[in-house]
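Listing of data28.pdb, PDB, C-alpha atoms (C1' of nucleotides)
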```pdb
ATOM      1  CA  MET A 888       0.000   0.000   0.000
ATOM      2  CA  LEU A 889       1.101   3.589  -0.600
ATOM      3  CA  ILE A 890       1.639   6.084   2.170
ATOM      4  CA  SER A 891      -1.865   7.547   2.138
ATOM      5  CA  GLU A 892      -3.439   4.173   2.762
ATOM      6  CA  PHE A 893      -0.837   3.355   5.393
ATOM      7  CA  VAL A 894      -1.706   6.608   7.105
ATOM      8  CA  ARG A 895      -5.370   5.666   7.039
ATOM      9  CA  ARG A 896      -4.653   2.217   8.419
ATOM     10  CA  THR A 897      -2.385   3.311  11.250
ATOM     11  CA  GLY A 898      -3.873   6.633  12.220
ATOM     12  CA  LEU A 899      -0.434   8.190  12.086
ATOM     13  CA  ALA A 900       0.138  11.548  10.408
ATOM     14  CA  ARG A 901       1.853  11.456   7.023
ATOM     15  CA  GLU A 902       4.713  13.514   8.395
ATOM     16  CA  THR A 903       5.064  11.187  11.351
ATOM     17  CA  VAL A 904       5.348   8.238   8.988
ATOM     18  CA  ARG A 905       7.997  10.045   7.002
ATOM     19  CA  TYR A 906       9.752  10.872  10.243
ATOM     20  CA  TYR A 907       9.786   7.209  11.227
ATOM     21  CA  VAL A 908      11.125   6.245   7.826
ATOM     22  CA  ARG A 909      13.870   8.852   8.016
ATOM     23  CA  PHE A 910      14.562   7.628  11.519
ATOM     24  CA  GLY A 911      14.843   4.072  10.270
ATOM     25  CA  LEU A 912      11.994   2.751  12.373
ATOM     26  CA  LEU A 913       9.919   1.931   9.327
ATOM     27  CA  ARG A 914      11.669   0.613   6.246
ATOM     28  CA  PRO A 915       9.119   0.227   3.488
ATOM     29  CA  GLN A 916       9.936  -1.267   0.114
ATOM     30  CA  THR A 917       9.839   0.952  -2.934
ATOM     31  CA  THR A 918       7.547   0.837  -5.961
ATOM     32  CA  GLN A 919       8.455   1.232  -9.591
ATOM     33  CA  LYS A 920       6.298   4.342  -9.437
ATOM     34  CA  GLY A 921       7.795   7.683  -8.568
ATOM     35  CA  GLY A 922      10.790   7.869 -10.865
ATOM     36  CA  ARG A 923      13.658   9.701  -9.260
ATOM     37  CA  HIS A 924      12.028   9.506  -5.799
ATOM     38  CA  PRO A 925      10.381   6.082  -5.796
ATOM     39  CA  TYR A 926       7.160   5.793  -3.830
ATOM     40  CA  PHE A 927       7.227   3.870  -0.558
ATOM     41  CA  MET A 928       5.396   0.570  -0.520
ATOM     42  CA  PHE A 929       4.110  -0.409   2.914
ATOM     43  CA  THR A 930       3.116  -3.921   3.904
ATOM     44  CA  GLU A 931       0.969  -5.492   6.599
ATOM     45  CA  ASP A 932       4.204  -6.048   8.489
ATOM     46  CA  ASP A 933       4.734  -2.320   8.528
ATOM     47  CA  VAL A 934       1.238  -1.816   9.911
ATOM     48  CA  HIS A 935       2.093  -4.329  12.601
ATOM     49  CA  CYS A 936       5.336  -2.517  13.239
ATOM     50  CA  ALA A 937       3.383   0.684  13.786
ATOM     51  CA  ASP A 938       1.403  -1.134  16.466
ATOM     52  CA  VAL A 939       4.592  -2.277  18.155
ATOM     53  CA  ILE A 940       5.901   1.271  18.100
ATOM     54  CA  ARG A 941       2.694   2.398  19.755
ATOM     55  CA  VAL A 942       3.040  -0.191  22.501
ATOM     56  CA  GLY A 943       6.664   0.660  23.043
ATOM     57  CA  GLN A 944       5.835   4.313  23.387
ATOM     58  CA  ALA A 945       3.045   3.536  25.819
ATOM     59  CA  LEU A 946       5.670   1.770  27.893
ATOM     60  CA  GLY A 947       7.787   4.868  27.910
ATOM     61  CA  LEU A 948      10.430   3.646  25.484
ATOM     62  CA  SER A 949      12.064   6.180  23.214
ATOM     63  CA  LEU A 950      11.985   5.719  19.461
ATOM     64  CA  ARG A 951      15.669   4.935  19.628
ATOM     65  CA  GLU A 952      15.022   2.120  22.091
ATOM     66  CA  ILE A 953      12.166   0.781  20.027
ATOM     67  CA  GLY A 954      14.394   0.929  16.994
ATOM     68  CA  GLU A 955      17.052  -1.103  18.755
ATOM     69  CA  LEU A 956      14.488  -3.731  19.669
ATOM     70  CA  ARG A 957      13.279  -3.910  16.089
ATOM     71  CA  LYS A 958      16.782  -4.037  14.788
ATOM     72  CA  ALA A 959      17.714  -6.875  17.098
ATOM     73  CA  ARG A 960      14.529  -8.659  16.135
ATOM     74  CA  ARG A 961      15.313  -8.459  12.441
ATOM     75  CA  SER A 962      18.145 -10.899  13.209
ATOM     76  CA  GLY A 963      20.289  -8.734  11.057
ATOM     77  CA  ASP A 964      23.789  -8.837   9.746
ATOM     78  CA  LEU A 965      25.197  -7.523  13.019
ATOM     79  CA  PRO A 966      27.774  -9.762  14.656
ATOM     80  CA  ARG A 967      26.245 -12.085  17.164
ATOM     81  CA  LYS A 968      28.183 -10.785  20.130
ATOM     82  CA  LYS A 969      27.115  -7.226  19.475
ATOM     83  CA  ARG A 970      23.502  -8.211  19.161
ATOM     84  CA  LEU A 971      23.754  -9.998  22.473
ATOM     85  CA  VAL A 972      25.161  -6.930  24.222
ATOM     86  CA  LEU A 973      22.415  -4.826  22.711
ATOM     87  CA  MET A 974      19.705  -7.188  23.872
ATOM     88  CA  LYS A 975      21.130  -7.463  27.358
ATOM     89  CA  ASP A 976      21.226  -3.714  27.640
ATOM     90  CA  GLN A 977      17.669  -3.544  26.429
ATOM     91  CA  LEU A 978      16.647  -6.142  28.990
ATOM     92  CA  ALA A 979      18.315  -4.161  31.765
ATOM     93  CA  ARG A 980      16.396  -1.063  30.758
ATOM     94  CA  LEU A 981      13.144  -2.961  30.662
ATOM     95  CA  GLU A 982      13.832  -4.425  34.087
ATOM     96  CA  ALA A 983      14.578  -1.017  35.552
ATOM     97  CA  LYS A 984      11.313   0.289  34.166
ATOM     98  CA  SER A 985       9.542  -2.770  35.450
ATOM     99  CA  ALA A 986      10.889  -2.280  38.960
ATOM    100  CA  GLU A 987       9.791   1.338  38.963
ATOM    101  CA  LEU A 988       6.344   0.342  37.796
ATOM    102  CA  GLU A 989       6.081  -2.258  40.559
ATOM    103  CA  ARG A 990       6.904   0.370  43.136
ATOM    104  CA  LEU A 991       4.244   2.609  41.701
ATOM    105  CA  LYS A 992       1.669  -0.176  41.765
ATOM    106  CA  THR A 993       2.426  -1.027  45.377
ATOM    107  CA  TYR A 994       2.055   2.603  46.276
ATOM    108  CA  VAL A 995      -1.271   3.070  44.540
ATOM    109  CA  ARG A 996      -2.608  -0.176  46.025
ATOM    110  CA  ALA A 997      -1.584   0.934  49.503
ATOM    111  CA  LYS A 998      -3.246   4.260  48.956
ATOM    112  CA  ILE A 999      -6.479   2.673  47.809
ATOM    113  CA  ALA A1000      -6.520   0.417  50.869
ATOM    114  CA  TRP A1001      -5.769   3.381  53.082
ATOM    115  CA  GLN A1002      -8.637   5.362  51.672
ATOM    116  CA  GLN A1003     -11.056   2.447  51.824
ATOM    117  CA  HIS A1004     -10.323   2.047  55.527
ATOM    118  CA  GLY A1005     -11.207   5.603  56.341
ATOM    119  CA  GLU A1006      -7.870   7.278  55.796
ATOM    120  CA  LYS A1007      -6.736   6.283  59.257
ATOM    121  CA  GLY A1008      -3.090   6.590  60.175
ATOM    122  CA  ASP A1009      -0.352   7.883  57.940
ATOM    123  CA  GLU A1010      -0.983   8.316  54.256
ATOM    124  CA  PRO A1011       1.037   5.768  52.267
ATOM    125  CA  MET A1012       4.225   6.989  50.687
ATOM    126  CA  LEU A1013       6.282   5.879  47.765
ATOM    127  CA  ALA A1014       9.119   3.809  49.171
ATOM    128  CA  GLY A1015      12.775   3.653  48.352
ATOM    129  CA  MET A1016      13.675   6.816  46.484
ATOM    130  CA  LYS A1017      17.181   6.334  45.181
TER     131      LYS A1017
ATOM    132  CA  MET B 790      12.708  21.585  54.530
ATOM    133  CA  LEU B 791      14.823  23.660  52.145
ATOM    134  CA  ILE B 792      15.270  22.787  48.503
ATOM    135  CA  SER B 793      18.458  20.746  48.943
ATOM    136  CA  GLU B 794      16.784  18.374  51.380
ATOM    137  CA  PHE B 795      13.714  18.220  49.183
ATOM    138  CA  VAL B 796      15.945  17.277  46.276
ATOM    139  CA  ARG B 797      17.524  14.540  48.360
ATOM    140  CA  ARG B 798      14.130  13.248  49.459
ATOM    141  CA  THR B 799      12.544  13.193  46.023
ATOM    142  CA  GLY B 800      15.460  12.294  43.803
ATOM    143  CA  LEU B 801      14.553  15.175  41.518
ATOM    144  CA  ALA B 802      17.183  17.563  40.191
ATOM    145  CA  ARG B 803      17.262  21.013  41.755
ATOM    146  CA  GLU B 804      16.482  22.587  38.406
ATOM    147  CA  THR B 805      13.589  20.238  37.879
ATOM    148  CA  VAL B 806      12.140  21.297  41.214
ATOM    149  CA  ARG B 807      12.509  24.934  40.276
ATOM    150  CA  TYR B 808      10.879  24.143  36.961
ATOM    151  CA  TYR B 809       7.919  22.544  38.712
ATOM    152  CA  VAL B 810       7.595  25.540  41.023
ATOM    153  CA  ARG B 811       7.666  27.965  38.088
ATOM    154  CA  PHE B 812       5.130  25.743  36.406
ATOM    155  CA  GLY B 813       2.859  25.839  39.440
ATOM    156  CA  LEU B 814       2.969  22.103  40.049
ATOM    157  CA  LEU B 815       4.743  22.555  43.354
ATOM    158  CA  ARG B 816       3.815  25.510  45.524
ATOM    159  CA  PRO B 817       6.096  25.572  48.529
ATOM    160  CA  GLN B 818       5.732  28.074  51.367
ATOM    161  CA  THR B 819       8.474  30.626  51.932
ATOM    162  CA  THR B 820      10.833  31.050  54.874
ATOM    163  CA  GLN B 821      11.893  34.233  56.623
ATOM    164  CA  LYS B 822      15.350  33.379  55.361
ATOM    165  CA  GLY B 823      16.547  34.639  52.033
ATOM    166  CA  GLY B 824      15.763  38.357  52.228
ATOM    167  CA  ARG B 825      14.719  39.730  48.886
ATOM    168  CA  HIS B 826      14.327  36.225  47.392
ATOM    169  CA  PRO B 827      12.846  34.221  50.252
ATOM    170  CA  TYR B 828      13.879  30.582  50.400
ATOM    171  CA  PHE B 829      11.289  27.967  49.508
ATOM    172  CA  MET B 830      10.041  25.839  52.379
ATOM    173  CA  PHE B 831       8.931  22.381  51.292
ATOM    174  CA  THR B 832       6.714  20.138  53.378
ATOM    175  CA  GLU B 833       5.995  16.416  53.506
ATOM    176  CA  ASP B 834       2.966  17.218  51.391
ATOM    177  CA  ASP B 835       5.266  18.509  48.690
ATOM    178  CA  VAL B 836       7.292  15.322  48.845
ATOM    179  CA  HIS B 837       4.075  13.418  48.462
ATOM    180  CA  CYS B 838       3.119  15.640  45.561
ATOM    181  CA  ALA B 839       6.393  14.788  43.849
ATOM    182  CA  ASP B 840       5.414  11.137  44.169
ATOM    183  CA  VAL B 841       2.066  11.822  42.570
ATOM    184  CA  ILE B 842       3.777  13.640  39.710
ATOM    185  CA  ARG B 843       5.933  10.565  39.213
ATOM    186  CA  VAL B 844       2.918   8.302  39.086
ATOM    187  CA  GLY B 845       1.172  10.602  36.674
ATOM    188  CA  GLN B 846       4.161  10.672  34.384
ATOM    189  CA  ALA B 847       4.469   6.892  34.490
ATOM    190  CA  LEU B 848       0.855   6.842  33.360
ATOM    191  CA  GLY B 849       1.724   9.037  30.437
ATOM    192  CA  LEU B 850       0.096  12.233  31.685
ATOM    193  CA  SER B 851       1.624  15.597  30.840
ATOM    194  CA  LEU B 852       2.653  17.984  33.594
ATOM    195  CA  ARG B 853      -0.254  20.196  32.603
ATOM    196  CA  GLU B 854      -2.703  17.338  33.072
ATOM    197  CA  ILE B 855      -1.173  16.389  36.389
ATOM    198  CA  GLY B 856      -1.427  20.009  37.440
ATOM    199  CA  GLU B 857      -5.110  20.074  36.611
ATOM    200  CA  LEU B 858      -5.710  16.931  38.644
ATOM    201  CA  ARG B 859      -3.872  18.428  41.602
ATOM    202  CA  LYS B 860      -5.849  21.610  41.266
ATOM    203  CA  ALA B 861      -9.150  19.764  41.265
ATOM    204  CA  ARG B 862      -8.062  17.774  44.262
ATOM    205  CA  ARG B 863      -7.035  20.916  46.155
ATOM    206  CA  SER B 864     -10.311  22.672  45.528
ATOM    207  CA  GLY B 865     -12.162  19.696  46.952
ATOM    208  CA  ASP B 866     -13.948  19.040  43.697
ATOM    209  CA  LEU B 867     -13.218  15.384  44.072
ATOM    210  CA  PRO B 868     -15.381  13.565  46.594
ATOM    211  CA  ARG B 869     -13.883  10.521  48.208
ATOM    212  CA  LYS B 870     -15.781   8.054  46.116
ATOM    213  CA  LYS B 871     -14.634   9.662  42.910
ATOM    214  CA  ARG B 872     -11.054   9.745  44.071
ATOM    215  CA  LEU B 873     -11.283   6.034  44.806
ATOM    216  CA  VAL B 874     -12.560   5.331  41.319
ATOM    217  CA  LEU B 875      -9.781   7.455  39.900
ATOM    218  CA  MET B 876      -7.117   5.612  41.840
ATOM    219  CA  LYS B 877      -8.495   2.245  40.851
ATOM    220  CA  ASP B 878      -8.402   3.337  37.246
ATOM    221  CA  GLN B 879      -4.803   4.424  37.691
ATOM    222  CA  LEU B 880      -3.951   1.061  39.211
ATOM    223  CA  ALA B 881      -5.569  -0.701  36.287
ATOM    224  CA  ARG B 882      -3.537   1.369  33.857
ATOM    225  CA  LEU B 883      -0.343   0.647  35.756
ATOM    226  CA  GLU B 884      -1.147  -3.050  35.712
ATOM    227  CA  ALA B 885      -1.803  -3.006  31.992
ATOM    228  CA  LYS B 886       1.518  -1.300  31.413
ATOM    229  CA  SER B 887       3.156  -3.776  33.715
ATOM    230  CA  ALA B 888       1.733  -6.709  31.766
ATOM    231  CA  GLU B 889       2.991  -5.286  28.469
ATOM    232  CA  LEU B 890       6.390  -4.775  29.984
ATOM    233  CA  GLU B 891       6.453  -8.368  31.224
ATOM    234  CA  ARG B 892       5.693  -9.582  27.710
ATOM    235  CA  LEU B 893       8.512  -7.521  26.307
ATOM    236  CA  LYS B 894      10.895  -8.778  28.986
ATOM    237  CA  THR B 895       9.932 -12.386  28.377
ATOM    238  CA  TYR B 896      10.490 -11.883  24.687
ATOM    239  CA  VAL B 897      13.898 -10.314  25.104
ATOM    240  CA  ARG B 898      14.980 -12.973  27.621
ATOM    241  CA  ALA B 899      13.864 -15.736  25.280
ATOM    242  CA  LYS B 900      15.707 -14.138  22.437
ATOM    243  CA  ILE B 901      18.899 -13.827  24.449
ATOM    244  CA  ALA B 902      18.687 -17.476  25.492
ATOM    245  CA  TRP B 903      17.941 -18.504  21.933
ATOM    246  CA  GLN B 904      20.954 -16.668  20.642
ATOM    247  CA  GLN B 905      23.238 -17.910  23.392
ATOM    248  CA  HIS B 906      22.319 -21.493  22.529
ATOM    249  CA  GLY B 907      23.306 -21.164  18.929
ATOM    250  CA  GLU B 908      20.061 -19.894  17.450
ATOM    251  CA  LYS B 909      18.678 -23.398  17.183
ATOM    252  CA  GLY B 910      15.005 -23.868  16.466
ATOM    253  CA  ASP B 911      12.463 -21.157  15.889
ATOM    254  CA  GLU B 912      13.332 -17.587  16.637
ATOM    255  CA  PRO B 913      11.306 -16.324  19.606
ATOM    256  CA  MET B 914       8.436 -14.057  18.629
ATOM    257  CA  LEU B 915       6.740 -11.234  20.409
ATOM    258  CA  ALA B 916       3.305 -12.567  21.213
ATOM    259  CA  GLY B 917      -0.068 -10.938  21.172
ATOM    260  CA  MET B 918       0.574  -7.359  20.203
ATOM    261  CA  LYS B 919      -3.009  -6.278  19.584
TER     262      LYS B 919
ATOM    263  C1'  DC C 584      -2.640  17.526 -22.710
ATOM    264  C1'  DT C 585      -4.137  19.716 -18.769
ATOM    265  C1'  DT C 586      -5.290  19.607 -14.171
ATOM    266  C1'  DG C 587      -5.360  18.190  -9.669
ATOM    267  C1'  DA C 588      -4.179  14.760  -6.395
ATOM    268  C1'  DC C 589      -0.361  12.340  -4.643
ATOM    269  C1'  DT C 590       4.467  11.577  -3.785
ATOM    270  C1'  DG C 591       9.316  12.461  -2.053
ATOM    271  C1'  DT C 592      13.126  15.932  -0.246
ATOM    272  C1'  DG C 593      15.423  19.045   2.721
ATOM    273  C1'  DG C 594      14.936  22.128   6.141
ATOM    274  C1'  DA C 595      12.712  25.064   9.516
ATOM    275  C1'  DG C 596       9.588  25.405  13.443
ATOM    276  C1'  DT C 597       6.953  23.749  17.687
ATOM    277  C1'  DG C 598       5.925  22.116  22.380
ATOM    278  C1'  DC C 599       7.397  19.582  26.184
ATOM    279  C1'  DA C 600      10.282  18.623  29.962
ATOM    280  C1'  DC C 601      13.955  19.369  31.431
ATOM    281  C1'  DT C 602      19.089  21.165  32.059
ATOM    282  C1'  DC C 603      22.704  24.524  32.313
ATOM    283  C1'  DC C 604      24.511  28.979  33.234
ATOM    284  C1'  DA C 605      25.929  33.584  35.057
ATOM    285  C1'  DC C 606      24.794  36.336  38.509
ATOM    286  C1'  DA C 607      23.646  38.223  42.998
ATOM    287  C1'  DC C 608      22.175  37.633  47.531
ATOM    288  C1'  DT C 609      22.000  35.120  52.176
ATOM    289  C1'  DT C 610      23.590  32.055  55.584
ATOM    290  C1'  DA C 611      26.724  29.078  57.969
ATOM    291  C1'  DT C 612      31.422  27.948  59.152
ATOM    292  C1'  DA C 613      36.099  28.709  60.469
TER     293       DA C 613
ATOM    294  C1'  DT D1299      35.443  38.720  58.915
ATOM    295  C1'  DA D1300      36.636  36.013  55.144
ATOM    296  C1'  DT D1301      34.824  32.435  52.599
ATOM    297  C1'  DA D1302      32.441  28.492  51.310
ATOM    298  C1'  DA D1303      27.995  26.637  50.775
ATOM    299  C1'  DG D1304      23.358  27.313  49.742
ATOM    300  C1'  DT D1305      19.598  29.926  47.524
ATOM    301  C1'  DG D1306      16.568  32.523  44.007
ATOM    302  C1'  DT D1307      16.262  34.824  39.166
ATOM    303  C1'  DG D1308      16.096  35.238  34.340
ATOM    304  C1'  DG D1309      17.360  33.365  30.330
ATOM    305  C1'  DA D1310      19.575  30.305  27.092
ATOM    306  C1'  DG D1311      20.295  25.608  25.484
ATOM    307  C1'  DT D1312      19.134  20.539  24.754
ATOM    308  C1'  DG D1313      16.918  16.301  23.075
ATOM    309  C1'  DC D1314      12.868  14.253  21.665
ATOM    310  C1'  DA D1315       9.009  13.567  18.774
ATOM    311  C1'  DC D1316       6.770  15.432  15.967
ATOM    312  C1'  DT D1317       4.688  19.159  12.543
ATOM    313  C1'  DC D1318       4.773  22.451   8.855
ATOM    314  C1'  DC D1319       6.426  24.229   4.596
ATOM    315  C1'  DA D1320       8.083  25.223  -0.135
ATOM    316  C1'  DC D1321       9.322  22.886  -3.849
ATOM    317  C1'  DA D1322       9.441  19.591  -7.608
ATOM    318  C1'  DG D1323       8.603  15.270  -9.786
ATOM    319  C1'  DT D1324       4.790  11.725 -10.937
ATOM    320  C1'  DC D1325       0.441   9.788 -11.826
ATOM    321  C1'  DA D1326      -4.567   9.270 -13.014
ATOM    322  C1'  DA D1327      -8.882  11.294 -14.648
ATOM    323  C1'  DG D1328     -11.170  13.816 -17.997
TER     324       DG D1328
END
```

How does this structure look as structure tokens?
Amino acid sequence: MLISEFVRRTGLARETVRYYVRFGLLRPQTTQKGGRHPYFMFTEDDVHCADVIRVGQALGLSLREIGELRKARRSGDLPRKKRLVLMKDQLARLEAKSAELERLKTYVRAKIAWQQHGEKGDEPMLAGMK
Amino acid sequence: MLISEFVRRTGLARETVRYYVRFGLLRPQTTQKGGRHPYFMFTEDDVHCADVIRVGQALGLSLREIGELRKARRSGDLPRKKRLVLMKDQLARLEAKSAELERLKTYVRAKIAWQQHGEKGDEPMLAGMK
DNA sequence: CTTGACTGTGGAGTGCACTCCACACTTATA
DNA sequence: TATAAGTGTGGAGTGCACTCCACAGTCAAG
């Protein structure tokens, strides 16, 4: 599909799509059409990729981080050792985020319980600030 | 407490605190100290507020949105029942994010293991992205 | 063949959330 | 009392993720 349909499918803005392409996050094929500047040809995979980007962003990952994940996933031509380092780093980041999220959850749960029991005693606090 | 202790307590950068104050998100009292530019005096409430800002950001809210929530809460517009609903919604959102993050972590771990064992068998896939 | 819709390019601009800086004043310490 | 440490101010700068724009080539309908 051409960019206009891709835009319709994903709900992204045309300029955002172009930004992602420039960024390397999306790497559509090219058509014969377009001459000197061949038209992009997006696939269902690219639509799926847009979904993954969305999820990654919702998790607070930067486009760079999402790009690294995608890159690693494409089991590319990078040397194996390098890919491993990249993935381990990615995992560490995810785990840090995960830990933070757990702390947040515990806090909100405690606060709900506190309020449900009449707000007696000290208001719950977020624990363990670095 | 003065700003340096507040910074220590919250883990925020001094400049970030000042930014939040300028923004109106934090509204510390002032001390007698400081003469022409009275020193800010932060309370436990402000520390708590910093926690709430953190939670809001983890939920993907902008500082403006968080500010509006705080404002509503201050003006007593939010009865207890409503606040409870709000917090439960926040918890649900945190848990959804948490679940996504777990999926990503599982995927990355599987991929690392797969690669470390010679990339035998099927490449791990990221499951169930909507 | 004309016209209008669609496409790509490079570059500038925007809004957010910080982050850094020079400066001047106040307070605490030696 | 010298001086180091802490504090507020205004303003500039940064990185991210878009968003807008002028321009020019391409394609499809009439």

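The part of chain A that reaches within 9 Å of chain C is made up of Ile890, Ser891, Gly921, Arg923, His924, Pro925, Tyr926 and Phe927 of chain A, counting all atoms listed in the file.
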
Output file for the selection above: C-alpha atoms, as a compact mmCIF listing (two decimals), in the frame of the given file:
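See again.txt below for the written result:
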```txt
# COMPACT_ATOMS: atom_id res chain seq x y z
CA ILE A 890 1.64 6.08 2.17
CA SER A 891 -1.86 7.55 2.14
CA GLY A 921 7.80 7.68 -8.57
CA ARG A 923 13.66 9.70 -9.26
CA HIS A 924 12.03 9.51 -5.80
CA PRO A 925 10.38 6.08 -5.80
CA TYR A 926 7.16 5.79 -3.83
CA PHE A 927 7.23 3.87 -0.56
```

Minimum-distance residue to chain D, chosen among B:Arg811, B:Arg853, B:Arg892, B:Arg898 (using all atoms listed in the file): B:Arg811

If the PyMOL selection byres ((chain A) within 12 of (chain D)) were run on this exact file, what residues would it hold? Put them as a PyMOL selection string. chain A and resi 899-907+910+919-926+944+948-951

Across B:Glu794, B:Glu891, B:Asp866, B:Asp835, the smallest distance to chain A, with only C-alpha atoms counted, is shown by B:Glu891

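If you measure from each of B:Lys886, B:Leu815, B:Val874, B:Val796 to chain A using only C-alpha atoms, the closest one turns out to be B:Lys886.
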
Once the PyMOL selection byres ((chain B) within 7 of (chain A)) has been evaluated on this model, what residues remain selected, and can you format them as a ChimeraX atom specification? /B:799-800,837,840,844,873,876,880,883,886-887,890,894,897,901,918

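Sharing one sequence, chain B and chain A superpose at an RMSD of 4.2 Å, with all Cα atoms paired in order.
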
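Reported to one decimal place, the separation of atom CA of Thr930 of chain A from atom CA of Lys958 of chain A is 17.5 Å.
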
Any chance you could work out the axis-aligned box around segment 584-597 of chain C, listed atoms only, 6 Å on each side, giving centre and edge lengths in Å to one decimal, as lines of an AutoDock Vina configuration file?
```
center_x = 5.0
center_y = 18.5
center_z = -2.5
size_x = 32.8
size_y = 25.8
size_z = 52.4
```

Please report the interatomic distance between atom CA of Arg798 of chain B and atom CA of Arg816 of chain B in Å with one decimal.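 Value for the atom CA of Arg798 of chain B-atom CA of Arg816 of chain B distance: 16.5 Å.
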
Any idea what the distance is between atom CA of Gln818 of chain B and atom CA of Trp1001 of chain A?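 Those two atoms sit 27.3 Å apart.
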